[in-house]
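Participant: Structure supplied as protein-v5.txt; contents: compact mmCIF, C-alpha atoms.
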# COMPACT_ATOMS: atom_id res chain seq x y z
CA MET A 1 15.91 1.81 -27.61
CA THR A 2 17.84 2.97 -24.55
CA TYR A 3 17.12 6.59 -23.57
CA TYR A 4 17.83 8.96 -20.68
CA ILE A 5 15.57 11.04 -18.44
CA HIS A 6 16.95 14.48 -17.55
CA ALA A 7 15.32 16.27 -14.60
CA ASP A 8 15.97 18.64 -11.70
CA LYS A 9 15.90 15.96 -8.99
CA PHE A 10 16.04 12.15 -8.77
CA PHE A 11 14.85 10.16 -5.77
CA LEU A 12 17.09 7.09 -6.03
CA GLU A 13 16.97 4.17 -3.62
CA ASN A 14 19.78 5.32 -1.35
CA ARG A 15 20.12 9.02 -2.06
CA THR A 16 18.50 12.01 -3.71
CA GLU A 17 20.43 13.73 -6.50
CA ASN A 18 20.01 17.20 -7.98
CA GLY A 19 20.03 17.18 -11.78
CA GLY A 20 21.54 14.47 -13.93
CA TYR A 21 20.38 11.68 -16.21
CA LEU A 22 18.61 8.37 -15.54
CA GLU A 23 19.18 5.55 -18.01
CA ILE A 24 16.13 3.60 -19.20
CA ASN A 25 17.28 0.46 -20.99
CA ASP A 26 15.68 -1.05 -24.08
CA ASN A 27 14.52 -3.98 -21.90
CA SER A 28 12.25 -1.58 -19.94
CA LYS A 29 14.54 -1.62 -16.89
CA PHE A 30 16.43 1.11 -15.06
CA GLY A 31 20.11 1.52 -15.89
CA PHE A 32 22.56 3.85 -14.15
CA TYR A 33 22.13 7.40 -12.90
CA TYR A 34 24.67 9.88 -14.32
CA PRO A 35 25.40 13.31 -12.80
CA GLU A 36 25.12 16.52 -14.86
CA SER A 37 28.86 16.45 -15.57
CA GLU A 38 28.56 13.06 -17.33
CA LYS A 39 25.96 13.76 -20.01
CA PRO A 40 25.44 10.47 -21.87
CA GLU A 41 25.25 9.99 -25.65
CA GLY A 42 21.82 9.08 -26.97
CA LYS A 43 18.18 10.13 -26.78
CA ILE A 44 17.40 12.44 -23.87
CA VAL A 45 13.86 13.16 -22.63
CA ASP A 46 14.01 16.46 -20.79
CA TYR A 47 11.89 17.21 -17.71
CA LYS A 48 13.42 20.52 -16.69
CA GLY A 49 11.69 21.85 -13.57
CA LYS A 50 10.42 18.37 -12.63
CA TRP A 51 11.40 15.60 -10.23
CA VAL A 52 11.70 11.84 -10.85
CA ALA A 53 10.47 9.40 -8.17
CA PRO A 54 9.86 5.65 -8.03
CA GLY A 55 6.30 4.57 -8.74
CA TYR A 56 4.21 4.37 -5.57
CA VAL A 57 3.26 0.99 -4.08
CA ASP A 58 -0.19 0.60 -2.46
CA THR A 59 -0.18 -2.54 -0.33
CA HIS A 60 -3.67 -2.01 1.15
CA ILE A 61 -6.39 -1.12 -1.36
CA HIS A 62 -9.85 -2.64 -1.90
CA GLY A 63 -10.92 -0.95 -5.11
CA SER A 64 -11.57 2.24 -7.08
CA LEU A 65 -13.54 3.55 -10.07
CA GLY A 66 -16.67 1.68 -8.98
CA GLU A 67 -14.81 -1.65 -8.97
CA ASP A 68 -14.00 -3.88 -6.01
CA THR A 69 -11.36 -6.61 -5.63
CA MET A 70 -13.92 -8.96 -4.06
CA LYS A 71 -16.83 -8.73 -6.46
CA SER A 72 -15.46 -7.37 -9.76
CA ASP A 73 -14.63 -9.70 -12.62
CA TRP A 74 -11.20 -9.59 -14.24
CA GLY A 75 -12.27 -6.70 -16.49
CA GLY A 76 -13.05 -4.67 -13.36
CA ILE A 77 -9.74 -5.59 -11.71
CA ASN A 78 -7.92 -4.51 -14.86
CA LYS A 79 -9.85 -1.22 -14.79
CA ILE A 80 -8.57 -0.55 -11.24
CA SER A 81 -5.06 -1.47 -12.37
CA LYS A 82 -5.09 1.03 -15.24
CA GLY A 83 -6.82 3.74 -13.18
CA LEU A 84 -4.19 3.54 -10.45
CA LEU A 85 -1.59 4.98 -12.83
CA SER A 86 -3.36 8.33 -12.41
CA ALA A 87 -2.86 8.02 -8.63
CA GLY A 88 0.90 7.56 -9.07
CA VAL A 89 0.61 3.86 -8.19
CA THR A 90 2.60 1.44 -10.36
CA SER A 91 2.37 -1.60 -8.05
CA TRP A 92 -0.44 -2.71 -5.73
CA MET A 93 -1.72 -5.52 -3.57
CA PRO A 94 -5.47 -6.12 -4.07
CA THR A 95 -6.94 -6.36 -0.58
CA THR A 96 -9.95 -8.43 0.49
CA ILE A 97 -12.23 -7.91 3.46
CA THR A 98 -13.65 -10.43 5.91
CA ALA A 99 -15.91 -12.92 4.11
CA ALA A 100 -16.92 -16.58 4.07
CA SER A 101 -14.04 -18.98 3.52
CA SER A 102 -15.51 -20.21 0.22
CA THR A 103 -15.75 -16.62 -1.05
CA LEU A 104 -12.10 -15.97 -0.20
CA THR A 105 -11.08 -19.17 -1.99
CA LYS A 106 -12.91 -18.05 -5.15
CA ILE A 107 -11.16 -14.65 -5.04
CA CYS A 108 -7.78 -16.40 -4.79
CA GLU A 109 -8.68 -18.53 -7.81
CA LYS A 110 -9.76 -15.44 -9.78
CA PHE A 111 -6.41 -13.70 -9.31
CA ALA A 112 -4.41 -16.88 -9.89
CA ALA A 113 -6.22 -17.47 -13.21
CA HIS A 114 -5.18 -14.05 -14.52
CA LYS A 115 -1.70 -13.76 -13.00
CA GLY A 116 0.38 -11.21 -14.89
CA GLU A 117 -2.45 -10.13 -17.23
CA GLU A 118 -3.10 -6.67 -15.71
CA GLU A 119 -2.43 -3.81 -18.11
CA GLY A 120 -1.76 -1.04 -15.60
CA ALA A 121 -0.31 -0.98 -12.09
CA LYS A 122 1.26 -4.36 -11.38
CA ILE A 123 -0.35 -6.79 -8.96
CA GLN A 124 2.43 -7.85 -6.61
CA GLY A 125 0.40 -10.19 -4.41
CA LEU A 126 -2.84 -10.42 -2.44
CA HIS A 127 -3.49 -8.97 1.02
CA PHE A 128 -6.22 -10.61 3.13
CA GLU A 129 -7.71 -8.09 5.57
CA GLY A 130 -9.38 -10.66 7.81
CA PRO A 131 -11.19 -12.86 8.61
CA PHE A 132 -9.22 -13.48 11.84
CA PHE A 133 -10.41 -10.28 13.52
CA THR A 134 -12.20 -9.36 16.74
CA GLU A 135 -15.85 -8.30 16.50
CA GLU A 136 -15.43 -5.33 18.86
CA HIS A 137 -13.23 -3.56 16.30
CA ALA A 138 -14.90 -4.88 13.17
CA GLY A 139 -15.12 -1.35 11.74
CA ALA A 140 -16.55 -1.71 8.24
CA GLU A 141 -15.96 -5.48 8.18
CA ASN A 142 -18.73 -8.03 8.69
CA PRO A 143 -18.40 -9.63 12.14
CA LYS A 144 -20.48 -12.69 11.22
CA TYR A 145 -17.52 -14.14 9.29
CA MET A 146 -14.86 -13.50 11.94
CA LEU A 147 -13.18 -16.54 13.47
CA ASP A 148 -10.07 -17.83 15.18
CA PRO A 149 -6.99 -18.29 12.97
CA ASP A 150 -6.60 -21.69 11.32
CA ILE A 151 -3.40 -22.51 9.43
CA ASN A 152 -5.09 -25.30 7.44
CA GLU A 153 -7.76 -22.89 6.23
CA PHE A 154 -5.09 -20.37 5.34
CA ASN A 155 -3.06 -22.95 3.41
CA LYS A 156 -6.16 -23.71 1.36
CA TRP A 157 -6.35 -20.05 0.33
CA LEU A 158 -2.62 -19.92 -0.32
CA LYS A 159 -2.85 -22.93 -2.64
CA ALA A 160 -5.90 -21.51 -4.45
CA SER A 161 -4.00 -18.23 -5.01
CA ASP A 162 -1.07 -20.07 -6.65
CA GLY A 163 1.25 -18.38 -4.16
CA MET A 164 -0.12 -14.87 -4.75
CA LEU A 165 -1.40 -14.52 -1.17
CA LYS A 166 1.45 -12.70 0.58
CA LYS A 167 0.04 -10.72 3.49
CA ILE A 168 -2.72 -11.16 6.07
CA SER A 169 -4.06 -8.75 8.67
CA MET A 170 -5.34 -10.32 11.89
CA ALA A 171 -6.10 -9.72 15.57
CA PRO A 172 -3.36 -11.11 17.86
CA GLU A 173 -5.67 -11.77 20.83
CA ARG A 174 -7.73 -14.46 19.09
CA LYS A 175 -7.21 -18.05 20.25
CA GLY A 176 -4.23 -19.71 18.57
CA SER A 177 -2.86 -16.49 17.07
CA LYS A 178 0.74 -16.91 18.21
CA GLU A 179 0.90 -20.43 16.81
CA PHE A 180 -0.72 -19.33 13.53
CA ILE A 181 1.66 -16.39 13.11
CA ARG A 182 4.68 -18.60 13.71
CA GLU A 183 3.59 -21.11 11.05
CA ALA A 184 2.47 -18.53 8.46
CA VAL A 185 5.73 -16.60 8.73
CA LYS A 186 7.63 -19.84 8.00
CA GLU A 187 5.76 -19.89 4.68
CA GLY A 188 6.94 -16.36 3.85
CA ILE A 189 3.68 -14.62 4.74
CA VAL A 190 3.71 -11.05 6.09
CA ILE A 191 1.54 -10.70 9.20
CA ALA A 192 -0.03 -7.35 10.09
CA LEU A 193 -1.95 -6.81 13.35
CA GLY A 194 -5.22 -4.89 13.36
CA HIS A 195 -9.02 -4.77 13.76
CA SER A 196 -8.17 -5.75 17.29
CA SER A 197 -8.86 -5.04 20.96
CA ALA A 198 -5.45 -6.40 21.95
CA THR A 199 -3.60 -5.16 24.98
CA PHE A 200 -0.01 -4.03 24.55
CA GLU A 201 1.15 -7.42 25.85
CA GLU A 202 -1.02 -9.36 23.38
CA ALA A 203 0.21 -7.26 20.46
CA ALA A 204 3.82 -7.64 21.60
CA ALA A 205 3.37 -11.42 21.81
CA GLY A 206 2.11 -11.40 18.21
CA VAL A 207 5.17 -9.44 17.09
CA GLU A 208 7.52 -11.72 18.99
CA ALA A 209 5.85 -14.67 17.21
CA GLY A 210 6.67 -13.08 13.84
CA ALA A 211 4.18 -10.31 12.99
CA THR A 212 5.96 -7.29 11.49
CA MET A 213 3.22 -4.77 10.69
CA PHE A 214 0.24 -2.89 12.08
CA THR A 215 -2.84 -2.54 9.89
CA HIS A 216 -3.91 1.11 9.31
CA ALA A 217 -2.48 2.29 12.64
CA PHE A 218 -5.02 3.75 15.12
CA ASN A 219 -8.01 2.69 12.97
CA GLY A 220 -9.82 -0.46 14.06
CA MET A 221 -8.09 -0.51 17.46
CA PRO A 222 -8.34 1.25 20.86
CA ASP A 223 -6.74 4.67 21.16
CA PRO A 224 -3.22 4.89 22.62
CA MET A 225 -3.37 5.20 26.40
CA HIS A 226 -0.88 6.28 29.03
CA HIS A 227 -2.46 3.65 31.31
CA ALA A 228 -3.81 0.30 30.08
CA ALA A 229 -1.61 0.41 26.98
CA SER A 230 -3.12 -1.16 23.87
CA ILE A 231 -2.15 -2.38 20.41
CA SER A 232 -2.01 1.31 19.37
CA ASN A 233 0.76 1.90 21.89
CA ALA A 234 2.52 -1.18 20.52
CA ALA A 235 2.47 0.33 17.01
CA MET A 236 4.37 3.33 18.42
CA ALA A 237 6.71 1.49 20.79
CA LEU A 238 7.84 -1.87 19.38
CA ASN A 239 11.13 -2.08 17.50
CA ASN A 240 11.55 -3.29 13.91
CA THR A 241 7.89 -3.10 12.89
CA THR A 242 6.14 -1.09 10.17
CA ALA A 243 2.85 0.73 10.67
CA GLU A 244 0.44 1.28 7.80
CA LEU A 245 -0.99 4.80 7.85
CA ILE A 246 -3.89 6.43 6.00
CA CYS A 247 -2.97 10.09 5.49
CA ASP A 248 -6.23 11.58 4.22
CA GLY A 249 -6.64 13.83 7.28
CA HIS A 250 -9.85 12.01 8.28
CA HIS A 251 -8.76 8.56 9.45
CA VAL A 252 -5.87 9.94 11.50
CA GLN A 253 -5.59 13.65 12.14
CA GLU A 254 -2.32 15.47 11.49
CA PRO A 255 -1.08 15.67 15.12
CA MET A 256 -1.35 11.87 15.47
CA VAL A 257 0.29 11.29 12.09
CA ARG A 258 3.15 13.47 13.32
CA ALA A 259 3.32 11.63 16.66
CA LEU A 260 3.62 8.21 15.01
CA ILE A 261 6.22 9.29 12.45
CA ASN A 262 8.22 11.06 15.15
CA ALA A 263 8.00 7.97 17.39
CA VAL A 264 9.08 5.28 14.94
CA GLY A 265 10.70 7.26 12.12
CA PRO A 266 9.52 7.50 8.50
CA GLU A 267 11.45 4.33 7.67
CA HIS A 268 8.86 2.41 9.74
CA VAL A 269 5.70 3.90 8.23
CA ALA A 270 4.05 2.65 5.03
CA LEU A 271 1.57 5.05 3.48
CA ILE A 272 -1.54 3.22 2.24
CA THR A 273 -4.97 4.28 0.99
CA ASP A 274 -7.44 1.57 2.13
CA CYS A 275 -9.37 2.91 -0.88
CA ILE A 276 -12.72 1.30 -1.72
CA GLU A 277 -14.82 1.17 -4.91
CA ALA A 278 -15.89 4.80 -4.33
CA GLY A 279 -12.35 6.05 -5.05
CA MET A 280 -12.20 8.46 -8.03
CA MET A 281 -16.02 8.46 -8.07
CA PRO A 282 -18.68 11.11 -7.23
CA ASN A 283 -20.43 11.42 -3.86
CA GLY A 284 -23.23 8.91 -3.34
CA ASP A 285 -24.03 5.36 -2.28
CA TYR A 286 -21.60 2.45 -2.58
CA MET A 287 -20.85 -0.94 -1.01
CA LEU A 288 -17.96 -2.36 0.97
CA GLY A 289 -18.44 -6.11 0.83
CA GLU A 290 -22.00 -6.68 1.99
CA LEU A 291 -22.26 -3.37 3.87
CA PRO A 292 -23.81 -0.19 2.39
CA VAL A 293 -21.60 2.90 2.43
CA TYR A 294 -22.11 6.57 1.54
CA VAL A 295 -19.51 9.09 0.39
CA LYS A 296 -19.67 12.75 1.40
CA ASP A 297 -17.14 15.45 2.41
CA GLY A 298 -14.18 13.36 1.27
CA MET A 299 -15.07 10.41 3.50
CA ALA A 300 -16.69 6.99 3.07
CA ARG A 301 -18.89 5.96 6.00
CA LEU A 302 -21.14 3.01 6.83
CA LYS A 303 -24.82 3.86 6.49
CA ASP A 304 -25.48 1.81 9.62
CA GLY A 305 -23.39 3.15 12.51
CA ASP A 306 -21.56 5.89 10.58
CA ASN A 307 -18.09 4.28 11.03
CA LEU A 308 -15.42 5.26 8.53
CA ALA A 309 -15.50 2.59 5.81
CA GLY A 310 -12.18 2.49 4.03
CA SER A 311 -11.23 5.66 2.19
CA ILE A 312 -11.41 7.39 -1.19
CA LEU A 313 -7.79 8.53 -0.90
CA GLN A 314 -5.37 8.39 -3.82
CA LEU A 315 -1.82 7.58 -2.74
CA LYS A 316 -0.34 10.61 -4.54
CA ASP A 317 -2.49 12.81 -2.27
CA GLY A 318 -1.41 11.01 0.92
CA VAL A 319 2.22 11.66 -0.06
CA LYS A 320 1.50 15.32 -0.76
CA ASN A 321 -0.37 15.67 2.54
CA VAL A 322 2.51 14.61 4.79
CA VAL A 323 4.73 17.15 3.02
CA ASP A 324 2.10 19.91 3.12
CA TRP A 325 1.60 19.22 6.83
CA ASN A 326 5.34 19.87 7.33
CA ILE A 327 5.86 16.46 8.94
CA VAL A 328 8.51 15.12 6.53
CA ASP A 329 10.39 16.35 3.48
CA PRO A 330 9.60 15.09 -0.06
CA GLU A 331 12.40 12.49 0.07
CA LYS A 332 10.94 10.80 3.14
CA ALA A 333 7.33 11.11 1.94
CA ILE A 334 8.19 9.39 -1.34
CA MET A 335 10.09 6.67 0.54
CA MET A 336 7.04 6.04 2.75
CA ALA A 337 4.90 5.40 -0.36
CA SER A 338 7.36 3.31 -2.35
CA TYR A 339 10.39 1.70 -0.68
CA ILE A 340 8.82 1.14 2.75
CA PRO A 341 5.54 -0.49 1.64
CA ALA A 342 7.45 -2.66 -0.85
CA LYS A 343 10.00 -3.71 1.74
CA SER A 344 7.36 -4.34 4.42
CA ALA A 345 5.38 -6.62 2.07
CA HIS A 346 8.51 -8.50 0.88
CA ILE A 347 8.09 -7.29 -2.72
CA LEU A 348 11.04 -4.88 -2.88
CA ASP A 349 12.76 -7.07 -5.50
CA HIS A 350 9.98 -6.14 -7.93
CA CYS A 351 9.13 -2.51 -7.14
CA GLY A 352 9.55 0.38 -4.72
CA SER A 353 12.79 2.04 -5.81
CA ILE A 354 14.89 3.31 -8.70
CA LYS A 355 17.79 0.89 -9.03
CA PRO A 356 19.58 -0.75 -11.98
CA ASP A 357 17.75 -3.75 -13.49
CA LYS A 358 14.45 -3.06 -11.72
CA ASP A 359 11.39 -2.40 -13.89
CA ALA A 360 11.40 1.22 -15.07
CA ASP A 361 8.22 2.21 -13.20
CA PHE A 362 8.56 5.84 -12.19
CA LEU A 363 6.80 9.17 -11.73
CA ILE A 364 7.40 12.68 -12.96
CA LEU A 365 6.47 15.01 -10.10
CA ASN A 366 6.05 18.76 -9.88
CA PRO A 367 7.96 20.42 -7.02
CA ASP A 368 4.64 20.94 -5.18
CA MET A 369 4.36 17.08 -5.05
CA THR A 370 1.53 16.91 -7.58
CA LEU A 371 1.75 14.18 -10.23
CA SER A 372 2.68 15.18 -13.77
CA GLU A 373 3.25 11.82 -15.50
CA THR A 374 3.44 8.07 -14.79
CA TYR A 375 5.79 5.67 -16.56
CA LEU A 376 5.36 1.89 -16.56
CA ASN A 377 8.12 -0.33 -17.98
CA GLY A 378 9.81 2.78 -19.37
CA GLU A 379 6.71 3.93 -21.28
CA SER A 380 4.66 7.02 -20.49
CA ARG A 381 1.20 5.72 -19.56
CA TYR A 382 -0.52 8.68 -17.85
CA LYS A 383 -0.24 12.47 -18.14
CA ALA A 384 -2.02 14.83 -15.76
Is it possible to express this structure as structure tokens?
Facilitator:
Amino acid sequence: MTYYIHADKFFLENRTENGGYLEINDNSKFGFYYPESEKPEGKIVDYKGKWVAPGYVDTHIHGSLGEDTMKSDWGGINKISKGLLSAGVTSWMPTTITAASSTLTKICEKFAAHKGEEEGAKIQGLHFEGPFFTEEHAGAENPKYMLDPDINEFNKWLKASDGMLKKISMAPERKGSKEFIREAVKEGIVIALGHSSATFEEAAAGVEAGATMFTHAFNGMPDPMHHAASISNAAMALNNTTAELICDGHHVQEPMVRALINAVGPEHVALITDCIEAGMMPNGDYMLGELPVYVKDGMARLKDGDNLAGSILQLKDGVKNVVDWNIVDPEKAIMMASYIPAKSAHILDHCGSIKPDKDADFLILNPDMTLSETYLNGESRYKA
């Protein structure tokens, strides 16, 4: 049955409206927005004092709730999918880490075999973080599996994934990178640059070849420099690119978050979590791939070397942080966690905004940016 959501504020794709009614059709899709003066006939669900936003889209996430996209069986993947609704995430891209080629092939086959079976946040494609990285900026990834890009190897994974592999993060200075990027982009793949020691020129060459993103900006790369500019400078200076950003206050501190957003504009920043299996779990010992990790003080770190190892951030908290830090207003923060990640990963047709005929995946927010309720396909699936 078609019904209408009434609330104080609606964050639509192209504008934000005060008050009004949002149509949810009986086919679980969005209909039209109507202003207060055009109250529709029919069932109205009232959220006075609340705001309505599109469901968030996490395009870089490794796991949560003790489960991991690499090692968990389908039951574990489905557990992540359902748990993400409590983080305000209604669409996600399971993200791998650097591993042996045969392991990555098996992961592709696992997701392909269960395509469309998830019961919570929707899987909109796979993101390979690696293995075409540079050892110097391995971070929490295993350098023993890192290698030069190979389009034939990649096509093997793409085939095994039944087309679900949509994004790959790689280092642009590795041998053959420009040629690989050019070919992968022809196949519709999104290329992000990261875990890299690239100079500004090497990063720029990767972008000119077709890369459009930077993987968790400033993490896994040299710091920005006013001499000897690096890939970090490229993330702040190159036109028409999108930088992923982890806004937990640990990976990138507030002044640098502000500097990046001021440099490129919020329409070129995609909020991500990089969350690992320790997300939504107590402090203690965990794994990231084959590497042991410990969680303490809101951070996940490698036991060997103490590097940050992914995060335990929930996307709803990253959105709230950039507002609480007075960097952007709620409209822009929500856009950076929904429309921008979806657009940057070429999945905007399926998620990322409130627009007629898109799936009715949306959030009920409190004015302090905390999550009150999550809807999936027009049904309430989580209440805080």
Participant: Please compute the CA of Ala345 (chain A)-CA of Leu271 (chain A) distance, one decimal, in Å.
Facilitator: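 A separation of 12.4 Å between them.
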Participant: Give me the residues near region 309-312 of chain A as a short mmCIF file (atom, residue, chain, number, x, y, z; two decimals) with C-alpha atoms, in the coordinates of the input, where near means some atom within 6 Å (using all atoms listed in the file) and where sequence neighbours in that chain fewer than 4 positions away do not count.
Facilitator:
data_model
loop_
_atom_site.label_atom_id
_atom_site.label_comp_id
_atom_site.auth_asym_id
_atom_site.auth_seq_id
_atom_site.Cartn_x
_atom_site.Cartn_y
_atom_site.Cartn_z
CA ALA A 140 -16.55 -1.71 8.24
CA ASP A 274 -7.44 1.57 2.13
CA CYS A 275 -9.37 2.91 -0.88
CA ILE A 276 -12.72 1.30 -1.72
CA GLY A 279 -12.35 6.05 -5.05
CA ALA A 300 -16.69 6.99 3.07
CA ARG A 301 -18.89 5.96 6.00
CA LEU A 302 -21.14 3.01 6.83
#
Participant: Calculate how many Å separate CA of Ser230 (chain A) from CA of Glu141 (chain A), rounding to one decimal.
Facilitator: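 Straight-line distance from CA of Ser230 (chain A) to CA of Glu141 (chain A) works out to 20.7 Å.
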Participant: Using all atoms listed in the file for the distances, tell me which of A:Pro224, A:Gly318, A:Pro131, A:Gly120 is nearest to Ile246 (chain A).
Facilitator: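 Result for the nearest residue to Ile246 (chain A): A:Gly318.
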Participant: Just checking: using all atoms listed in the file, which residue out of A:Ser169, A:Thr215, A:Thr95, A:Ser72 ends up closest to Gly125 (chain A)?
Facilitator: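 Going through A:Ser169, A:Thr215, A:Thr95, A:Ser72 one by one, the smallest distance to Gly125 (chain A) is for A:Thr95.
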